[in-house]
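Reading through the structure tokens given below for one structure.
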Amino acid sequence: MNVPFLDLGRGVAAKREAIDAAVGEVLSSGYYIGGPHCAAFEAEFAGYCGAAHCVGVANGLDALQLGLRALGVGAGDEVIVSSNGYIATWLAVSAIGAVPVPVEPDPATHNLDPARVVAAITARTRVILPTHLYGQAADLEPLLALAREHGLKLLEDAAQAHGARYRGTRVGAHGDLVAWSFYPSKNLGALGDGGAVTTNDAEVARRVRTLGNYGSDVRYVNPLKGVNSRLDPLQAAVLSVKLAGLDAENARRRAIAARYNSELAGTGLILPAVPNWAEPAWHLYVVRSPRRDALRDALAAAGIGTLIHYPIPPHLQGAYAEMGLGAGSFPIAEQLAREVLSLPIDPHMRDDEVAQVIAGVIAGVRAAA
Ligand SMILES: *Cc1c(COP(=O)(O)O)cnc(C)c1O
């Protein structure tokens with residue numbers, strides 16, 4: 001029996017009737033951009049996150065990009081990002097002419113290390129941009145303290161962290177602005193592209209909405225050079241259905257993670273480290289091994305799907321060759337890229353599939369030794 005890394009079709013099948021009904025409502029509504037389904041989802045997601053405002057946008061990259069612009073970041077400004085993780089965070093900064101300034105993560109949590117951030121702050125720094133990687137919150141309190149002390153904004157990349165908690169409070173309103181993706185494989189995923197920002201700042205929310213609507217609040221009056229970036233109502237209606245089931249799916253992810261934690265404890269793999277203040281959303285379950293490639297091959301031979309998040313750190317990508325940051329510039333990010341392996345943690349996995357992954361990993365570690 002093969003265990004896929006993720007089978008999105010199962011998640012849709014489980015909610016098929018409610019999704020069909022939601023899509024049908026949009027078709028009947030007469031609103032195909034904006035309208036009541038967008039407004040309803042924005043209100044529901046803001047409420048879920050404990051944020052005063054939610055503004056839907058077209059995708060997670062736009063949420064980051066428009067969020068940065070709404071916080072006043074522009075050409076030549078510096079934004080502190082993590083040296084590991086997904087390149088989208090860096091690309092959002094570059095896309096608006098600002099400069100990503102990488103800082104190494106804490107190797108235990110894979111998240112931006114507050115202790116290393118201070119040395120990267122310059123007169124041009126505007127924003128600290130941590131990612132809640134793999135669904136576990138970055139250590140927000142010290143990052144917020146640093147931001148306040150240096151007159152900076154804190155923007156969180158929460159694309160992997162729907163439902164995660166930091167010190168008991170859901171991610172979504174700790175920083176000045178929080179950027180979300182609803183890419184289909186995220187914990188809260190649409191049936192296509194989607195994104196949003198959440199914030200407690202009404203003016204920042206308004207600016208994101210204006211920027212995503214051609215820079216216009218009043219029809220045909222354009223004070224800003226905006227773009228077209230909207231969450232479409234079909235996706236919003238589907239997201240409302242999915243949001244109602246998010247906590248149950250995250251609980252299932254947590255149960256799978258707990259099983260991996262206990263049953264893989266003796267393998268010698270480095271398992272995810274969860275600080276006592278973090279309640280991860282378990283977007284990914286990432287183990288580390290110096291024999292990662294051999295383990296991945298053994299699992300593939302046993303029919304178990306895995307992925308690597310992420311194999312090449314942003315500074316070593318061709319896209320950032322211009323920065324001249326060669327191999328060895330960010331040794332922690334580079335080591336993580338060599339050693340990380342994501343095991344299946346699809347909330348729709350069956351218990352026998354979880355058992356098969358565990359048996360496969362135990363056998364694979366032996367084979368790779
Ligand atoms: C998915 C993701 C994004 C980008 O989201 P899109 O909706 O695909 O544009 C950004 N940052 C992180 C950490 C992500 O995982």
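Residue numbering restarts at 1 for every chain of the structure tokens, chains are lettered A, B, ... in their displayed order, and ligands are numbered from 1 as they appear.
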
Excluding Ala258 (chain A) and residues on its chain fewer than 6 positions from it, collect all residues at most 12 Å away from it, counting only C-alpha atoms, and give them as an MDAnalysis selection string. chainID A and resid 251:252 264:265 271:272 274 280 282 285 345 354 358

Test item: residues no farther than 10 Å from ligand 1, counting only C-alpha atoms and all ligand atoms, as a PyMOL selection string: chain A and resi 57-65+85-92+130-135+156-161+179-186+189-190+192-196+283+309

Within 12 Å of Glu249 (chain A), counting only C-alpha atoms, which residues qualify if same-chain residues fewer than 6 places away don't, as a PyMOL selection string? chain A and resi 11+14-15+162-163+186-189+242-243+255-256+281-283+345-349

Just the residues within 6 Å of region 49-54 of chain A, please, counting only C-alpha atoms, with nothing from its chain fewer than 2 positions along; format it as a compact mmCIF listing (two decimals) with C-alpha atoms, in the first residue's frame.
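See part-v3.txt below for the written result:
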```txt
# COMPACT_ATOMS: atom_id res chain seq x y z
CA GLU A 42 -13.23 38.01 6.05
CA ALA A 46 -10.74 37.87 11.52
CA GLY A 47 -12.86 36.49 14.37
CA ARG A 170 -3.97 32.25 18.08
CA GLY A 172 -3.16 36.51 13.63
CA ALA A 173 -2.81 39.75 15.54
CA VAL A 197 -3.95 39.82 5.78
CA THR A 198 -5.16 40.23 9.35
CA THR A 199 -4.40 43.20 11.58
CA ASN A 200 -5.78 45.23 14.46
```

Who sits within 12 Å of region 30-34 of chain A, only C-alpha atoms, same chain under 2 positions skipped, as JSON, numbers by chain: {"A": [23, 24, 25, 26, 27, 28, 36, 37, 38, 39, 40, 41, 42, 55, 56, 57, 58, 209, 212, 213, 228, 229, 230, 231, 232, 233, 234, 235, 236, 237]}

Selection export as a short mmCIF file (atom, residue, chain, number, x, y, z; two decimals), in the first residue's frame, atoms kept: N, CA, C and O atoms:
```
data_model
loop_
_atom_site.label_atom_id
_atom_site.label_comp_id
_atom_site.auth_asym_id
_atom_site.auth_seq_id
_atom_site.Cartn_x
_atom_site.Cartn_y
_atom_site.Cartn_z
N VAL A 23 -20.60 26.66 -3.32
CA VAL A 23 -20.34 27.10 -4.69
C VAL A 23 -21.66 27.48 -5.36
O VAL A 23 -21.77 28.51 -6.04
N GLY A 24 -22.68 26.67 -5.13
CA GLY A 24 -24.00 26.95 -5.71
C GLY A 24 -24.54 28.30 -5.26
O GLY A 24 -25.12 29.05 -6.05
N GLU A 25 -24.32 28.61 -3.98
CA GLU A 25 -24.79 29.91 -3.46
C GLU A 25 -24.11 31.07 -4.17
O GLU A 25 -24.76 32.07 -4.48
N VAL A 26 -22.81 30.93 -4.41
CA VAL A 26 -22.09 32.01 -5.10
C VAL A 26 -22.63 32.16 -6.53
O VAL A 26 -22.88 33.27 -7.01
N LEU A 27 -22.85 31.02 -7.20
CA LEU A 27 -23.36 31.09 -8.57
C LEU A 27 -24.70 31.82 -8.61
O LEU A 27 -24.96 32.60 -9.52
N SER A 28 -25.52 31.61 -7.59
CA SER A 28 -26.85 32.24 -7.57
C SER A 28 -26.79 33.69 -7.09
O SER A 28 -27.77 34.41 -7.24
N PRO A 36 -21.10 39.35 -0.78
CA PRO A 36 -21.36 38.88 0.59
C PRO A 36 -20.49 37.70 1.03
O PRO A 36 -20.18 37.59 2.22
N HIS A 37 -20.11 36.82 0.10
CA HIS A 37 -19.31 35.67 0.54
C HIS A 37 -17.89 36.08 0.92
O HIS A 37 -17.31 35.52 1.85
N CYS A 38 -17.36 37.09 0.23
CA CYS A 38 -16.03 37.61 0.61
C CYS A 38 -16.13 38.29 1.97
O CYS A 38 -15.29 38.04 2.85
N ALA A 39 -17.14 39.12 2.13
CA ALA A 39 -17.28 39.85 3.40
C ALA A 39 -17.48 38.87 4.56
O ALA A 39 -16.91 39.04 5.64
N ALA A 40 -18.28 37.82 4.32
CA ALA A 40 -18.56 36.86 5.40
C ALA A 40 -17.27 36.13 5.79
O ALA A 40 -16.96 36.00 6.98
N PHE A 41 -16.52 35.66 4.79
CA PHE A 41 -15.29 34.94 5.15
C PHE A 41 -14.30 35.86 5.87
O PHE A 41 -13.67 35.46 6.85
N GLU A 42 -14.16 37.09 5.38
CA GLU A 42 -13.23 38.01 6.05
C GLU A 42 -13.61 38.20 7.52
O GLU A 42 -12.74 38.20 8.41
N VAL A 55 -8.48 41.29 5.38
CA VAL A 55 -8.67 41.72 3.99
C VAL A 55 -8.20 40.59 3.08
O VAL A 55 -7.03 40.19 3.13
N GLY A 56 -9.11 40.08 2.26
CA GLY A 56 -8.75 39.02 1.32
C GLY A 56 -7.94 39.58 0.17
O GLY A 56 -8.20 40.69 -0.31
N VAL A 57 -6.95 38.80 -0.28
CA VAL A 57 -6.15 39.17 -1.47
C VAL A 57 -6.01 37.89 -2.31
O VAL A 57 -6.55 36.84 -1.97
N ALA A 58 -5.28 38.00 -3.42
CA ALA A 58 -5.29 36.92 -4.40
C ALA A 58 -4.44 35.71 -4.00
O ALA A 58 -4.70 34.60 -4.44
N ARG A 209 -6.47 46.99 1.34
CA ARG A 209 -7.63 46.87 0.45
C ARG A 209 -7.51 47.83 -0.73
O ARG A 209 -7.80 47.48 -1.87
N GLY A 212 -4.85 46.62 -3.21
CA GLY A 212 -5.29 45.44 -3.96
C GLY A 212 -6.41 45.75 -4.93
O GLY A 212 -6.85 44.88 -5.68
N ASN A 213 -6.90 46.98 -4.89
CA ASN A 213 -8.00 47.40 -5.78
C ASN A 213 -7.53 48.56 -6.65
O ASN A 213 -8.17 49.61 -6.70
N ASN A 228 -4.16 44.60 -8.98
CA ASN A 228 -5.41 43.84 -8.85
C ASN A 228 -5.10 42.59 -8.05
O ASN A 228 -4.43 41.68 -8.54
N SER A 229 -5.52 42.55 -6.81
CA SER A 229 -5.28 41.37 -5.97
C SER A 229 -6.45 41.20 -5.02
O SER A 229 -6.51 41.83 -3.98
N ARG A 230 -7.38 40.34 -5.42
CA ARG A 230 -8.58 40.13 -4.61
C ARG A 230 -8.79 38.65 -4.37
O ARG A 230 -8.45 37.83 -5.22
N LEU A 231 -9.37 38.34 -3.21
CA LEU A 231 -9.84 36.98 -2.94
C LEU A 231 -11.15 36.83 -3.68
O LEU A 231 -12.05 37.65 -3.51
N ASP A 232 -11.31 35.78 -4.50
CA ASP A 232 -12.57 35.73 -5.25
C ASP A 232 -13.65 35.01 -4.45
O ASP A 232 -13.35 34.22 -3.56
N PRO A 233 -14.91 35.34 -4.70
CA PRO A 233 -16.00 34.86 -3.84
C PRO A 233 -16.19 33.34 -3.86
O PRO A 233 -16.63 32.78 -2.85
N LEU A 234 -15.86 32.68 -4.97
CA LEU A 234 -15.96 31.21 -4.96
C LEU A 234 -14.98 30.64 -3.93
O LEU A 234 -15.33 29.76 -3.14
N GLN A 235 -13.76 31.17 -3.93
CA GLN A 235 -12.78 30.69 -2.95
C GLN A 235 -13.19 31.08 -1.54
O GLN A 235 -13.03 30.30 -0.60
N ALA A 236 -13.73 32.28 -1.38
CA ALA A 236 -14.15 32.73 -0.04
C ALA A 236 -15.23 31.80 0.51
O ALA A 236 -15.20 31.41 1.69
N ALA A 237 -16.18 31.42 -0.34
CA ALA A 237 -17.27 30.55 0.11
C ALA A 237 -16.72 29.17 0.50
O ALA A 237 -17.14 28.58 1.51
#
```

All residues 10 Å or closer to Pro107 (chain A), only C-alpha atoms, same chain fewer than 6 positions away omitted, as an mmCIF file with N, CA, C and O atoms, in the first residue's frame:
```
data_model
loop_
_atom_site.group_PDB
_atom_site.id
_atom_site.type_symbol
_atom_site.label_atom_id
_atom_site.label_comp_id
_atom_site.auth_asym_id
_atom_site.auth_seq_id
_atom_site.Cartn_x
_atom_site.Cartn_y
_atom_site.Cartn_z
ATOM 1 N N ASN A 84 16.429 30.639 6.273
ATOM 2 C CA ASN A 84 15.886 29.367 5.780
ATOM 3 C C ASN A 84 14.427 29.590 5.379
ATOM 4 O O ASN A 84 13.909 30.696 5.461
ATOM 5 N N ASP A 113 15.771 33.592 14.807
ATOM 6 C CA ASP A 113 16.334 33.617 16.155
ATOM 7 C C ASP A 113 16.416 35.065 16.638
ATOM 8 O O ASP A 113 17.246 35.837 16.151
ATOM 9 N N ALA A 273 11.179 20.232 17.646
ATOM 10 C CA ALA A 273 11.280 20.774 19.005
ATOM 11 C C ALA A 273 10.166 21.805 19.183
ATOM 12 O O ALA A 273 10.058 22.734 18.395
ATOM 13 N N ILE A 332 23.696 27.612 9.091
ATOM 14 C CA ILE A 332 22.555 26.906 9.728
ATOM 15 C C ILE A 332 21.490 26.612 8.674
ATOM 16 O O ILE A 332 21.008 25.473 8.551
ATOM 17 N N ALA A 333 21.139 27.622 7.881
ATOM 18 C CA ALA A 333 20.137 27.410 6.822
ATOM 19 C C ALA A 333 20.606 26.312 5.866
ATOM 20 O O ALA A 333 19.813 25.477 5.422
ATOM 21 N N GLN A 335 22.718 23.799 6.465
ATOM 22 C CA GLN A 335 22.668 22.469 7.087
ATOM 23 C C GLN A 335 21.220 21.973 7.166
ATOM 24 O O GLN A 335 20.935 20.802 6.875
ATOM 25 N N LEU A 336 20.305 22.853 7.548
ATOM 26 C CA LEU A 336 18.894 22.447 7.613
ATOM 27 C C LEU A 336 18.421 21.976 6.234
ATOM 28 O O LEU A 336 17.742 20.955 6.112
#
```

Please report the interatomic distance between CA of Arg350 (chain A) and CA of Glu17 (chain A) in Å with one decimal.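 Taking CA of Arg350 (chain A) as the start and CA of Glu17 (chain A) as the end point, the length is 21.4 Å.
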
Quick one: DSSP strand (DSSP E or B) residues in region 21-221 of chain A, as a PyMOL selection string? chain A and resi 53-57+78-82+99-103+105+112+125-128+131+153-157+165-166+169-170+177-181+195-199+213+218+221

Can you list, as a ChimeraX atom specification, every residue of region 90-196 of chain A that DSSP puts in helix (DSSP H, G or I)? /A:90-95,114-120,133-135,140-149

Store the residues of this selection in a file with C-alpha atoms, as an mmCIF file, in the first residue's frame.
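Final output, again-v9.cif:
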```
data_model
loop_
_atom_site.group_PDB
_atom_site.id
_atom_site.type_symbol
_atom_site.label_atom_id
_atom_site.label_comp_id
_atom_site.auth_asym_id
_atom_site.auth_seq_id
_atom_site.Cartn_x
_atom_site.Cartn_y
_atom_site.Cartn_z
ATOM 1 C CA TRP A 90 12.178 37.031 0.319
ATOM 2 C CA LEU A 91 10.509 37.519 -3.077
ATOM 3 C CA ALA A 92 7.757 39.667 -1.562
ATOM 4 C CA VAL A 93 10.422 41.994 -0.171
ATOM 5 C CA SER A 94 12.351 42.121 -3.459
ATOM 6 C CA ALA A 95 9.191 42.648 -5.520
ATOM 7 C CA PRO A 114 15.535 36.857 18.053
ATOM 8 C CA ALA A 115 19.023 36.850 19.598
ATOM 9 C CA ARG A 116 20.593 37.204 16.133
ATOM 10 C CA VAL A 117 18.184 39.841 14.803
ATOM 11 C CA VAL A 118 19.586 42.857 16.636
ATOM 12 C CA ALA A 119 22.938 42.689 14.834
ATOM 13 C CA ALA A 120 21.127 42.910 11.472
ATOM 14 C CA LEU A 133 7.667 27.821 9.687
ATOM 15 C CA TYR A 134 5.991 24.417 9.456
ATOM 16 C CA GLY A 135 3.053 25.825 11.465
ATOM 17 C CA LEU A 140 7.041 36.744 18.921
ATOM 18 C CA GLU A 141 7.527 38.516 22.273
ATOM 19 C CA PRO A 142 11.254 39.234 21.898
ATOM 20 C CA LEU A 143 10.762 40.072 18.211
ATOM 21 C CA LEU A 144 7.993 42.537 19.081
ATOM 22 C CA ALA A 145 10.130 44.057 21.835
ATOM 23 C CA LEU A 146 12.988 44.547 19.362
ATOM 24 C CA ALA A 147 10.646 46.072 16.795
ATOM 25 C CA ARG A 148 9.229 48.524 19.337
ATOM 26 C CA GLU A 149 12.666 49.419 20.667
#
```

re CA of Thr267 (chain A) and CA of Ala363 (chain A): distance 9.5 Å

From A:Pro100, A:Asp217, A:Val365, A:Glu78, residue lying nearest Leu295 (chain A) [only C-alpha atoms]: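 Closest to Leu295 (chain A) of all the choices is A:Val365.
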
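Interatomic distance, CA of His315 (chain A) against CA of Glu334 (chain A): 9.5 Å.
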
Selection: 10 Å around Leu269 (chain A), only C-alpha atoms, excl. self and same-chain fewer than 6 positions, as a VMD selection string: chain A and resid 287 to 292 361 to 362 365
